[in-house]
$ cat data-v9.txt   # compact mmCIF, C-alpha atoms
# COMPACT_ATOMS: atom_id res chain seq x y z
CA MET K 1 188.47 203.00 270.05
CA ASN K 2 185.08 201.88 271.21
CA GLU K 3 181.55 202.13 269.83
CA ASP K 4 181.15 205.64 271.20
CA CYS K 5 183.95 207.01 269.11
CA ASP K 6 182.02 207.21 265.83
CA GLU K 7 179.43 209.39 267.48
CA ILE K 8 181.87 211.30 269.56
CA ARG K 9 184.12 212.37 266.72
CA LEU K 10 181.50 214.83 265.43
CA LEU K 11 181.34 216.24 268.94
CA ILE K 12 185.12 216.54 269.08
CA GLN K 13 184.89 218.51 265.87
CA ALA K 14 182.03 220.63 267.23
CA ASP K 15 184.07 221.29 270.37
CA LEU K 16 187.00 222.58 268.32
CA ASP K 17 184.60 224.63 266.23
CA GLY K 18 183.35 226.29 269.41
CA GLU K 19 179.87 224.86 269.10
CA LEU K 20 179.51 222.89 272.34
CA ARG K 21 177.94 223.98 275.56
CA PRO K 22 180.20 223.62 278.62
CA ALA K 23 178.49 220.42 279.84
CA GLU K 24 178.98 218.68 276.49
CA ALA K 25 182.53 219.94 276.23
CA ALA K 26 183.25 218.45 279.67
CA ARG K 27 181.87 215.10 278.51
CA ILE K 28 184.20 215.16 275.51
CA ALA K 29 187.17 216.06 277.68
CA ALA K 30 186.41 213.10 279.93
CA HIS K 31 186.25 210.75 276.97
CA LEU K 32 189.52 212.05 275.54
CA GLU K 33 191.34 211.33 278.78
CA HIS K 34 190.92 207.60 278.40
CA CYS K 35 190.71 207.30 274.59
CA PRO K 36 194.06 207.92 272.87
CA ARG K 37 192.57 207.43 269.37
CA CYS K 38 190.05 210.19 269.91
CA ALA K 39 192.71 212.37 271.50
CA GLU K 40 194.76 211.93 268.36
CA THR K 41 191.76 212.78 266.20
CA GLN K 42 191.38 215.96 268.19
CA ASP K 43 195.03 216.87 267.69
CA GLN K 44 194.83 216.26 263.96
CA LEU K 45 191.66 218.27 263.59
CA ALA K 46 193.15 221.16 265.52
CA ILE K 47 196.31 221.14 263.41
CA LEU K 48 194.34 220.96 260.19
CA SER K 49 192.06 223.79 261.23
CA GLU K 50 195.03 225.98 262.06
CA ARG K 51 196.75 225.11 258.77
CA VAL K 52 193.63 225.79 256.67
CA ARG K 53 193.27 229.21 258.23
CA ARG K 54 196.94 230.02 257.75
CA GLU K 55 197.78 228.40 254.43
CA THR K 56 194.77 228.88 252.22
CA SER K 57 194.17 231.97 250.17
CA SER K 58 191.71 234.65 251.07
CA TYR K 59 190.32 236.81 248.32
CA PRO K 60 189.32 240.26 249.48
CA ILE K 61 187.62 242.39 246.87
CA SER K 62 189.92 244.54 244.77
CA GLU K 63 189.64 248.28 245.28
CA ASP K 64 189.00 248.84 241.58
CA PHE K 65 186.15 246.39 241.58
CA ARG K 66 184.70 247.78 244.78
CA ALA K 67 184.65 251.22 243.26
CA ALA K 68 182.98 249.90 240.11
CA LEU K 69 180.13 248.18 241.94
CA PRO K 70 176.70 249.71 241.60
CA LYS K 71 175.94 251.99 244.52
CA PRO K 72 172.60 252.22 246.20
CA VAL K 73 171.22 255.65 245.45
CA ALA K 74 168.71 257.39 247.64
CA ARG K 75 165.80 258.36 245.47
CA ARG K 76 162.57 260.14 246.00
CA ARG K 77 159.60 257.97 246.74
CA PRO K 78 156.94 257.31 244.15
CA VAL K 79 154.85 260.44 244.46
CA TRP K 80 151.55 259.04 243.24
CA LEU K 81 151.04 256.77 246.22
CA GLY K 82 150.18 259.04 249.10
CA ALA K 83 147.09 261.09 249.75
CA SER K 84 149.19 264.20 250.22
CA PHE K 85 149.97 264.19 246.55
CA GLY K 86 150.26 267.92 246.02
CA ALA K 87 152.51 268.94 248.86
CA GLY K 88 154.54 265.74 248.73
CA PHE K 89 155.16 266.14 245.08
CA ALA K 90 156.27 269.73 245.36
CA VAL K 91 158.72 268.95 248.15
CA ALA K 92 160.03 265.79 246.50
CA ALA K 93 160.44 267.51 243.19
CA SER K 94 162.30 270.46 244.61
CA LEU K 95 164.55 268.19 246.65
CA ALA K 96 165.24 266.12 243.60
CA LEU K 97 166.17 269.26 241.72
CA LEU K 98 168.53 270.35 244.46
CA LEU K 99 170.14 266.98 244.97
CA VAL K 100 170.41 265.52 241.54
CA PRO K 101 170.37 268.30 238.99
CA GLN K 102 170.27 267.20 235.35
CA ARG K 103 170.06 263.56 236.23
CA GLY K 104 167.27 263.06 233.76
CA ALA K 105 169.50 264.17 230.94
CA GLN K 106 171.93 261.34 231.64
CA TRP K 107 169.39 258.57 231.43
CA PRO K 108 169.53 257.99 227.70
CA ASP K 109 173.33 257.74 228.02
CA GLU K 110 173.01 255.26 230.86
CA ILE K 111 170.48 253.12 229.03
CA VAL K 112 172.51 253.03 225.84
CA ALA K 113 175.72 252.30 227.76
CA SER K 114 173.99 249.47 229.59
CA HIS K 115 172.74 248.06 226.29
CA ILE K 116 176.25 248.16 224.83
CA ARG K 117 177.69 246.51 227.95
CA ALA K 118 175.09 243.78 227.69
CA LEU K 119 176.11 243.06 224.12
CA GLN K 120 179.57 241.98 225.29
CA PRO K 121 179.96 238.18 225.23
CA GLY K 122 178.33 236.46 228.14
CA HIS K 123 176.49 239.49 229.44
CA LEU K 124 173.33 239.57 227.41
CA MET K 125 171.14 237.13 229.28
CA ASP K 126 170.67 235.57 232.68
CA VAL K 127 167.78 233.42 231.51
CA ILE K 128 167.82 232.16 227.97
CA SER K 129 164.48 231.15 226.66
CA THR K 130 162.15 231.89 223.83
CA ASP K 131 159.26 231.03 226.10
CA GLN K 132 157.67 233.88 227.99
CA HIS K 133 156.38 231.32 230.50
CA THR K 134 159.98 230.52 231.41
CA VAL K 135 161.21 234.08 231.41
CA LYS K 136 158.41 235.54 233.51
CA PRO K 137 158.75 233.21 236.53
CA TRP K 138 162.52 233.64 236.39
CA PHE K 139 162.07 237.26 237.46
CA ASP K 140 159.86 236.27 240.40
CA GLY K 141 161.69 236.96 243.61
CA ARG K 142 164.53 238.65 241.78
CA LEU K 143 162.77 241.97 241.48
CA PRO K 144 160.38 243.82 243.74
CA PHE K 145 157.90 244.10 240.86
CA ALA K 146 156.58 241.84 238.14
CA PRO K 147 157.91 242.92 234.75
CA PRO K 148 155.62 242.41 231.75
CA VAL K 149 157.00 239.58 229.62
CA LYS K 150 155.50 239.43 226.16
CA ASP K 151 156.58 237.48 223.14
CA LEU K 152 156.24 239.10 219.74
CA VAL K 153 157.53 236.22 217.65
CA ALA K 154 154.40 236.25 215.51
CA ILE K 155 155.33 239.66 214.15
CA GLY K 156 159.05 239.06 213.85
CA PHE K 157 160.38 240.16 217.27
CA PRO K 158 161.08 236.90 219.10
CA LEU K 159 161.79 237.08 222.82
CA VAL K 160 165.12 235.36 223.44
CA GLY K 161 165.72 235.90 227.15
CA GLY K 162 166.00 238.28 230.03
CA ARG K 163 168.36 239.52 232.68
CA LEU K 164 168.51 241.68 235.75
CA ASP K 165 170.07 245.05 235.29
CA TYR K 166 170.79 247.98 237.45
CA LEU K 167 170.74 251.57 236.32
CA GLU K 168 171.24 254.78 238.25
CA GLY K 169 170.59 252.96 241.49
CA ARG K 170 167.45 251.19 240.32
CA PRO K 171 166.82 247.53 239.57
CA ALA K 172 165.39 246.85 236.14
CA ALA K 173 164.13 243.88 234.22
CA ALA K 174 165.79 243.71 230.82
CA LEU K 175 163.92 241.67 228.24
CA VAL K 176 165.92 240.70 225.21
CA TYR K 177 164.30 240.54 221.78
CA ARG K 178 165.73 239.90 218.37
CA ARG K 179 164.97 241.32 214.96
CA GLY K 180 167.17 239.50 212.45
CA GLN K 181 170.74 240.17 213.57
CA HIS K 182 169.71 243.07 215.80
CA VAL K 183 169.24 242.83 219.55
CA ILE K 184 166.58 244.91 221.25
CA ASP K 185 166.80 245.46 224.99
CA LEU K 186 163.59 246.42 226.70
CA TYR K 187 164.16 247.83 230.19
CA ALA K 188 161.30 247.94 232.66
CA PHE K 189 161.51 249.97 235.88
CA ALA K 190 158.88 250.00 238.58
CA GLY K 191 157.29 253.39 239.01
CA THR K 192 157.10 256.33 236.73
CA ASP K 193 159.45 258.48 238.74
CA THR K 194 162.50 257.97 236.58
CA PRO K 195 164.06 261.34 235.91
CA GLY K 196 163.39 263.19 232.70
CA PRO K 197 160.39 263.19 230.43
CA LEU K 198 158.15 260.15 230.57
CA SER K 199 158.06 259.54 226.87
CA GLY K 200 160.08 260.33 223.82
CA SER K 201 162.76 258.93 221.61
CA GLY K 202 166.23 259.73 220.47
CA SER K 203 169.57 258.27 219.59
CA ARG K 204 173.05 258.05 221.05
CA ASP K 205 176.11 256.73 219.23
CA GLY K 206 174.07 255.01 216.56
CA TYR K 207 171.64 253.38 219.00
CA ASN K 208 167.99 254.34 218.95
CA PHE K 209 165.89 254.46 222.08
CA ILE K 210 162.24 254.98 222.82
CA ARG K 211 160.88 255.57 226.29
CA TRP K 212 157.33 255.47 227.44
CA GLU K 213 155.16 254.91 230.47
CA GLN K 214 152.71 252.06 230.79
CA ASP K 215 150.86 250.39 233.68
CA GLY K 216 152.82 252.40 236.23
CA MET K 217 156.17 251.38 234.83
CA SER K 218 158.86 253.24 232.96
CA LEU K 219 159.91 251.39 229.84
CA TRP K 220 162.89 251.91 227.56
CA ALA K 221 163.57 250.11 224.31
CA VAL K 222 167.09 250.43 222.91
CA SER K 223 168.71 248.88 219.87
CA ASP K 224 170.81 249.56 216.81
CA LEU K 225 167.69 248.79 214.82
CA ASN K 226 166.49 251.66 212.57
CA ALA K 227 164.06 254.13 214.08
CA GLU K 228 161.14 252.97 211.97
CA GLU K 229 161.35 249.33 213.05
CA MET K 230 161.93 250.42 216.61
CA ALA K 231 158.68 252.34 216.48
CA ASP K 232 156.97 249.22 215.07
CA PHE K 233 158.35 247.16 217.91
CA VAL K 234 157.19 249.55 220.58
CA ARG K 235 153.76 249.98 219.02
CA GLU K 236 153.24 246.21 218.80
CA TRP K 237 154.62 245.62 222.26
CA ARG K 238 152.27 248.17 223.79
CA ARG K 239 149.39 246.62 221.98
CA ALA K 240 150.24 242.99 222.88
CA MET H 1 146.59 248.45 239.49
CA ARG H 2 149.86 250.31 239.52
CA TRP H 3 153.18 248.60 240.08
CA ARG H 4 155.25 249.98 242.80
CA PHE H 5 158.21 249.20 244.99
CA ARG H 6 157.21 247.40 248.15
CA ALA H 7 159.57 249.58 250.07
CA ASP H 8 162.03 252.24 249.27
CA PRO H 9 165.33 250.55 250.11
CA ASP H 10 167.17 252.84 252.40
CA ALA H 11 170.44 253.41 250.61
CA ALA H 12 172.28 254.64 253.70
CA SER H 13 171.17 251.65 255.74
CA PHE H 14 172.19 249.24 252.97
CA GLU H 15 175.63 250.82 252.85
CA ARG H 16 176.03 250.53 256.59
CA VAL H 17 174.63 247.01 257.00
CA VAL H 18 175.56 245.12 253.85
CA LEU H 19 178.58 246.77 252.23
CA PRO H 20 180.97 245.92 255.10
CA HIS H 21 180.62 242.28 254.02
CA LEU H 22 181.85 242.77 250.47
CA ASP H 23 185.18 241.08 251.19
CA SER H 24 183.41 238.02 252.57
CA ALA H 25 181.07 237.98 249.60
CA HIS H 26 183.98 238.07 247.21
CA ASN H 27 186.00 235.47 249.10
CA VAL H 28 183.11 232.99 249.13
CA ALA H 29 182.29 233.67 245.48
CA ARG H 30 185.93 233.19 244.50
CA TRP H 31 186.18 229.87 246.34
CA LEU H 32 182.91 228.61 244.92
CA VAL H 33 183.47 229.44 241.26
CA ARG H 34 187.30 229.21 241.37
CA ASP H 35 187.73 231.89 238.75
CA ALA H 36 188.65 235.52 239.36
CA SER H 37 186.50 237.25 236.77
CA LEU H 38 183.56 234.92 237.25
CA ALA H 39 183.73 235.67 240.98
CA GLU H 40 183.40 239.39 240.26
CA ASP H 41 180.37 238.72 238.07
CA VAL H 42 178.86 236.73 240.91
CA VAL H 43 179.46 239.50 243.45
CA GLN H 44 178.04 242.12 241.14
CA ASP H 45 174.88 240.11 240.52
CA ALA H 46 174.60 239.22 244.20
CA MET H 47 174.85 242.86 245.29
CA LEU H 48 172.19 243.81 242.81
CA ARG H 49 169.90 241.16 244.19
CA ALA H 50 170.79 242.02 247.76
CA LEU H 51 169.68 245.54 247.02
CA SER H 52 166.36 244.45 245.62
CA TYR H 53 165.77 241.97 248.48
CA TYR H 54 166.93 244.37 251.13
CA ALA H 55 163.42 245.51 251.96
CA GLY H 56 162.75 241.92 253.12
CA PHE H 57 165.89 241.68 255.27
CA ARG H 58 164.73 241.10 258.84
CA GLY H 59 167.71 242.56 260.61
CA GLY H 60 170.38 240.73 262.56
CA ASP H 61 173.72 239.85 261.01
CA ALA H 62 173.62 240.65 257.31
CA ARG H 63 176.64 238.49 256.50
CA PRO H 64 174.97 235.05 256.33
CA TRP H 65 172.06 236.68 254.54
CA LEU H 66 174.37 238.17 251.92
CA LEU H 67 176.46 234.99 251.63
CA GLN H 68 173.32 232.99 251.00
CA ILE H 69 172.56 235.24 248.03
CA VAL H 70 176.17 235.00 246.84
CA ARG H 71 176.04 231.23 247.05
CA ASN H 72 172.80 230.99 245.07
CA VAL H 73 174.15 233.24 242.35
CA ALA H 74 177.42 231.28 242.25
CA TYR H 75 175.63 227.97 241.83
CA ASN H 76 173.42 229.42 239.10
CA VAL H 77 176.50 230.62 237.27
CA LEU H 78 178.20 227.24 237.63
CA ALA H 79 175.12 225.40 236.42
CA LYS H 80 174.88 227.66 233.41
CA ARG H 81 178.52 227.11 232.63
CA ALA H 82 178.18 223.35 233.02
CA GLN H 83 175.30 223.47 230.57
CA ARG H 84 177.41 225.29 228.05
CA ALA H 85 180.35 222.95 228.64
CA GLU H 86 178.14 219.97 227.88
CA THR H 87 177.51 221.21 224.39
CA SER H 88 181.05 222.36 223.73
CA LEU H 89 182.66 219.31 225.38
CA ASP H 90 184.66 221.78 227.36
CA ASP H 91 185.84 220.67 230.74
CA ASP H 92 185.67 222.94 233.71
CA PRO H 93 188.89 224.79 232.95
CA SER H 94 189.47 225.97 236.49
CA ALA H 95 189.20 222.50 238.03
CA ASP H 96 192.63 221.18 237.28
CA ALA H 97 194.34 223.89 235.28
CA PRO H 98 197.02 225.59 237.33
CA ASP H 99 195.87 228.77 238.92
CA PRO H 100 197.02 231.61 236.67
CA ALA H 101 198.23 233.42 239.77
CA ASP H 102 200.69 230.58 240.26
CA ASP H 103 204.27 231.60 239.95
CA PRO H 104 206.18 229.03 237.89
CA GLU H 105 208.98 229.40 240.42
CA ALA H 106 206.61 227.99 243.02
CA ALA H 107 208.18 224.62 242.39
CA LEU H 108 210.22 225.44 245.47
CA GLY H 109 209.43 222.93 248.15
CA LYS H 110 208.28 225.34 250.80
CA LEU H 111 206.00 227.26 248.52
CA GLN H 112 204.55 224.03 247.26
CA ASP H 113 203.74 223.03 250.79
CA LEU H 114 201.97 226.28 251.39
CA ARG H 115 199.92 225.91 248.22
CA GLN H 116 199.15 222.26 248.77
CA LEU H 117 196.25 222.78 251.17
CA ASP H 118 195.01 225.58 248.97
CA ARG H 119 194.83 223.20 246.04
CA ALA H 120 193.33 220.42 248.11
CA LEU H 121 190.60 222.79 249.26
CA ALA H 122 189.96 224.01 245.71
CA ALA H 123 189.67 220.40 244.55
CA LEU H 124 187.03 219.44 247.12
CA PRO H 125 183.49 218.88 245.84
CA ALA H 126 181.56 222.13 246.09
CA GLU H 127 179.27 221.05 248.94
CA LEU H 128 182.29 220.13 251.09
CA ARG H 129 184.38 223.09 250.00
CA GLU H 130 181.72 225.63 250.89
CA CYS H 131 181.46 224.25 254.42
CA ILE H 132 185.20 224.61 255.01
CA VAL H 133 185.31 228.09 253.49
CA LEU H 134 182.37 229.28 255.57
CA LYS H 135 183.70 227.69 258.76
CA GLU H 136 187.45 228.24 258.62
CA LEU H 137 187.83 231.31 256.44
CA GLU H 138 184.61 233.15 257.22
CA GLU H 139 184.24 231.79 260.76
CA LEU H 140 180.52 231.27 260.53
CA SER H 141 178.72 229.18 263.12
CA TYR H 142 177.12 225.85 262.21
CA LYS H 143 173.75 227.52 262.35
CA GLU H 144 174.82 230.25 259.96
CA ILE H 145 176.41 227.73 257.59
CA ALA H 146 173.14 225.79 257.62
CA GLN H 147 171.32 229.00 256.75
CA VAL H 148 173.68 229.85 253.90
CA THR H 149 173.77 226.36 252.40
CA GLY H 150 170.14 225.46 253.06
CA VAL H 151 170.84 222.13 254.77
CA PRO H 152 170.27 220.96 258.39
CA ILE H 153 173.00 221.51 260.98
CA GLY H 154 173.61 217.75 261.17
CA THR H 155 174.45 217.75 257.47
CA VAL H 156 176.81 220.68 257.97
CA MET H 157 178.59 218.70 260.68
CA SER H 158 179.00 215.56 258.59
CA ARG H 159 180.11 217.54 255.55
CA LEU H 160 182.71 219.36 257.60
CA TRP H 161 183.90 216.03 258.92
CA ARG H 162 184.17 214.49 255.46
CA ALA H 163 185.87 217.58 254.06
CA ARG H 164 188.42 217.55 256.84
CA GLN H 165 189.13 213.85 256.39
CA VAL H 166 189.90 214.46 252.72
CA LEU H 167 192.09 217.48 253.47
CA MET H 168 193.96 215.55 256.15
CA ARG H 169 194.61 212.61 253.86
CA GLN H 170 195.87 214.91 251.15
CA SER H 171 198.15 216.93 253.35
CA GLN H 172 199.56 213.82 255.00
CA GLY H 173 200.06 212.18 251.61
CA CYS H 174 202.39 214.97 250.63
CA GLU H 175 204.36 215.21 253.82
CA ALA H 176 205.39 211.55 253.54

$ encode --input "data-v9.txt" --output "structure tokens"
Amino acid sequence: MNEDCDEIRLLIQADLDGELRPAEAARIAAHLEHCPRCAETQDQLAILSERVRRETSSYPISEDFRAALPKPVARRRPVWLGASFGAGFAVAASLALLLVPQRGAQWPDEIVASHIRALQPGHLMDVISTDQHTVKPWFDGRLPFAPPVKDLVAIGFPLVGGRLDYLEGRPAAALVYRRGQHVIDLYAFAGTDTPGPLSGSGSRDGYNFIRWEQDGMSLWAVSDLNAEEMADFVREWRRA
Amino acid sequence: MRWRFRADPDAASFERVVLPHLDSAHNVARWLVRDASLAEDVVQDAMLRALSYYAGFRGGDARPWLLQIVRNVAYNVLAKRAQRAETSLDDDPSADAPDPADDPEAALGKLQDLRQLDRALAALPAELRECIVLKELEELSYKEIAQVTGVPIGTVMSRLWRARQVLMRQSQGCEA
């Protein structure tokens, strides 16, 4: 082994990895002819590579999990953007009716189901912080819009964290608030084109939800908190 | 000012371009976090992010692009878990605990041999392990590995070299 060998071993590796141009590969071949140590290194690397490919596990995705993954859903474009508001809206709306009938009616179910899923251990938060200045930047780059992060600790609804969520084919920011032992999820979607009415409230399976529109976003608050305190929360949040 | 999506991600295009790489995404996630259910969490989160970043995807091969997202999510998850472990004095349970998929009957010599490299790879430090997984199992080029891991190509080369030295030592140690 001579001085060259330290440098050349990375090239031997690169050669086996198919990364060398022909001229460099020829240079390596020439070196190997008169350097038994390097030739042995090459053999060992080749054997190892072959063994790693053959003997280590590969983990393809399970079919069940693949089926359970969120699917991208084609959706109508935000209708309030273009100049051709009238015609565009009519066409988009009628298409939406044809393609996804009654989708709006399922939204409360989806939101409540998502909230219940999030309450399972380990699923509630991606970023844990009581500081809105930590939570807000965390969403930067993770969502194509900037969700409004507000802390309401002063009036008894501390912000405790946030997470990314995904509902009916749309990314959402979920802000997590607490009221005593109760968890409130506040979902923010970009655009006001979520199906169904833009505001209102209701309940599903003992969970109350309130939806409204603000600053061009669709917002949903959901919790097992009583309806009165939910209304307080939403009123204060809108005001903050 | 009204918030709006920068672009309407084209669902059909996403399905065609990104979804074919789900197996790769899962394989890399599984090797990085070394835990089956955690790997599924990582893939789910990564797909969600891929969807929201898709408008910024510049074309070309989507696989390194997706694997880069998977890797970032995986490292976030590991960091979060390490944080929790610090407070609970819990060791990384997947590091040395036997893989639950292990058959107890695997004490048979031949099977042990076949699993030995698997274990050696799982035991590598993450920055070495990811290079081997991306190179040997996913067959990415050095350039693509550099893109996924965010380090220069020279670093990829030296990490691959170090990783292979460790694997070689370990597999020779057992053959003796």

$ residues_near_point --input "data-v9.txt" --point "(161.4, 235.2, 220.4)" --cutoff "8 Å" --atoms "only C-alpha atoms" --output "PDB file with C-alpha atoms, keeping the file's coordinate frame"
ATOM      1  CA  THR K 130     162.150 231.890 223.830  1.00  0.00           C
ATOM      2  CA  ASP K 131     159.260 231.030 226.100  1.00  0.00           C
ATOM      3  CA  ASP K 151     156.580 237.480 223.140  1.00  0.00           C
ATOM      4  CA  LEU K 152     156.240 239.100 219.740  1.00  0.00           C
ATOM      5  CA  VAL K 153     157.530 236.220 217.650  1.00  0.00           C
ATOM      6  CA  GLY K 156     159.050 239.060 213.850  1.00  0.00           C
ATOM      7  CA  PHE K 157     160.380 240.160 217.270  1.00  0.00           C
ATOM      8  CA  PRO K 158     161.080 236.900 219.100  1.00  0.00           C
ATOM      9  CA  LEU K 159     161.790 237.080 222.820  1.00  0.00           C
ATOM     10  CA  VAL K 160     165.120 235.360 223.440  1.00  0.00           C
ATOM     11  CA  TYR K 177     164.300 240.540 221.780  1.00  0.00           C
ATOM     12  CA  ARG K 178     165.730 239.900 218.370  1.00  0.00           C
TER      13      ARG K 178
END

$ atom_distance --input "data-v9.txt" --atom1 "atom CA of Ser49 of chain K" --atom2 "atom CA of Ala146 of chain H"
19.4 Å

$ interface_residues --input "data-v9.txt" --of "chain K" --to "chain H" --cutoff "8 Å" --atoms "all atoms listed in the file" --output "ChimeraX atom specification"
/K:10,13-14,19,44-45,48-49,51-53,55-61,65,69-70,72-74,77-78,142-146,165-166,171,190-191,215-217

$ closest_residue --input "data-v9.txt" --among "H:Leu134, H:Leu38, H:Val17, H:Ala46" --to "Thr149 of chain H" --atoms "only C-alpha atoms"
H:Leu134

$ residues_around --input "data-v9.txt" --residues "Ile111 of chain K" --least-positions-apart "3" --cutoff "8 Å" --atoms "only C-alpha atoms" --output "number ranges by chain"
K: 107-108, 114-115, 167, 220, 222

$ write_last_selection --input "data-v9.txt" --atoms "C-alpha atoms" --output "CSV table (one decimal), in the coordinates of the input"
chain,number,residue,atom,x,y,z
K,107,TRP,CA,169.4,258.6,231.4
K,108,PRO,CA,169.5,258.0,227.7
K,114,SER,CA,174.0,249.5,229.6
K,115,HIS,CA,172.7,248.1,226.3
K,167,LEU,CA,170.7,251.6,236.3
K,220,TRP,CA,162.9,251.9,227.6
K,222,VAL,CA,167.1,250.4,222.9

$ atom_distance --input "data-v9.txt" --atom1 "atom CA of Leu175 of chain K" --atom2 "atom CA of Arg238 of chain K"
14.1 Å

$ atom_distance --input "data-v9.txt" --atom1 "atom CA of Val156 of chain H" --atom2 "atom CA of Asp43 of chain K"
21.0 Å

$ residues_around --input "data-v9.txt" --residues "Ala118 of chain K" --least-positions-apart "6" --cutoff "12 Å" --atoms "only C-alpha atoms" --output "list of chain:residue names"
K:Ile111, K:Val112, K:Leu124, K:Met125, K:Asp126, K:Gly162, K:Arg163, K:Leu164, K:Asp165, K:Tyr166, K:Ala174, K:Leu175, K:Val176, K:Val183, K:Ile184, K:Asp185, K:Leu186, K:Tyr187, K:Val222, K:Ser223

$ decode --input "data-v9.txt" --residues "segment 121-161 of chain H" --atoms "C-alpha atoms" --output "compact mmCIF listing (two decimals), in the first residue's frame"
# COMPACT_ATOMS: atom_id res chain seq x y z
CA LEU H 121 -27.02 -1.87 9.75
CA ALA H 122 -29.73 -1.04 12.29
CA ALA H 123 -27.06 -0.40 14.91
CA LEU H 124 -25.11 2.09 12.79
CA PRO H 125 -25.28 5.74 13.82
CA ALA H 126 -28.11 7.41 11.93
CA GLU H 127 -25.92 9.54 9.65
CA LEU H 128 -24.04 6.43 8.47
CA ARG H 129 -27.12 4.23 8.32
CA GLU H 130 -29.05 6.62 6.12
CA CYS H 131 -26.22 6.70 3.58
CA ILE H 132 -26.17 2.91 3.27
CA VAL H 133 -29.95 2.67 3.07
CA LEU H 134 -30.15 5.35 0.39
CA LYS H 135 -27.25 3.89 -1.59
CA GLU H 136 -27.70 0.13 -1.33
CA LEU H 137 -31.41 -0.30 -0.74
CA GLU H 138 -32.78 2.72 -2.59
CA GLU H 139 -29.97 2.90 -5.15
CA LEU H 140 -29.72 6.66 -5.10
CA SER H 141 -26.72 8.39 -6.64
CA TYR H 142 -24.22 10.29 -4.50
CA LYS H 143 -25.73 13.51 -5.72
CA GLU H 144 -29.22 12.44 -4.72
CA ILE H 145 -28.01 11.23 -1.32
CA ALA H 146 -26.36 14.61 -0.81
CA GLN H 147 -29.66 16.27 -1.66
CA VAL H 148 -31.66 14.08 0.72
CA THR H 149 -29.23 14.36 3.63
CA GLY H 150 -28.22 17.98 3.08
CA VAL H 151 -24.46 17.38 3.13
CA PRO H 152 -21.79 17.74 0.39
CA ILE H 153 -21.03 14.79 -1.87
CA GLY H 154 -17.58 14.43 -0.29
CA THR H 155 -19.24 13.89 3.08
CA VAL H 156 -21.55 11.30 1.56
CA MET H 157 -18.51 9.45 0.24
CA SER H 158 -16.66 9.44 3.53
CA ARG H 159 -19.77 8.44 5.46
CA LEU H 160 -20.39 5.56 3.09
CA TRP H 161 -16.79 4.50 3.54
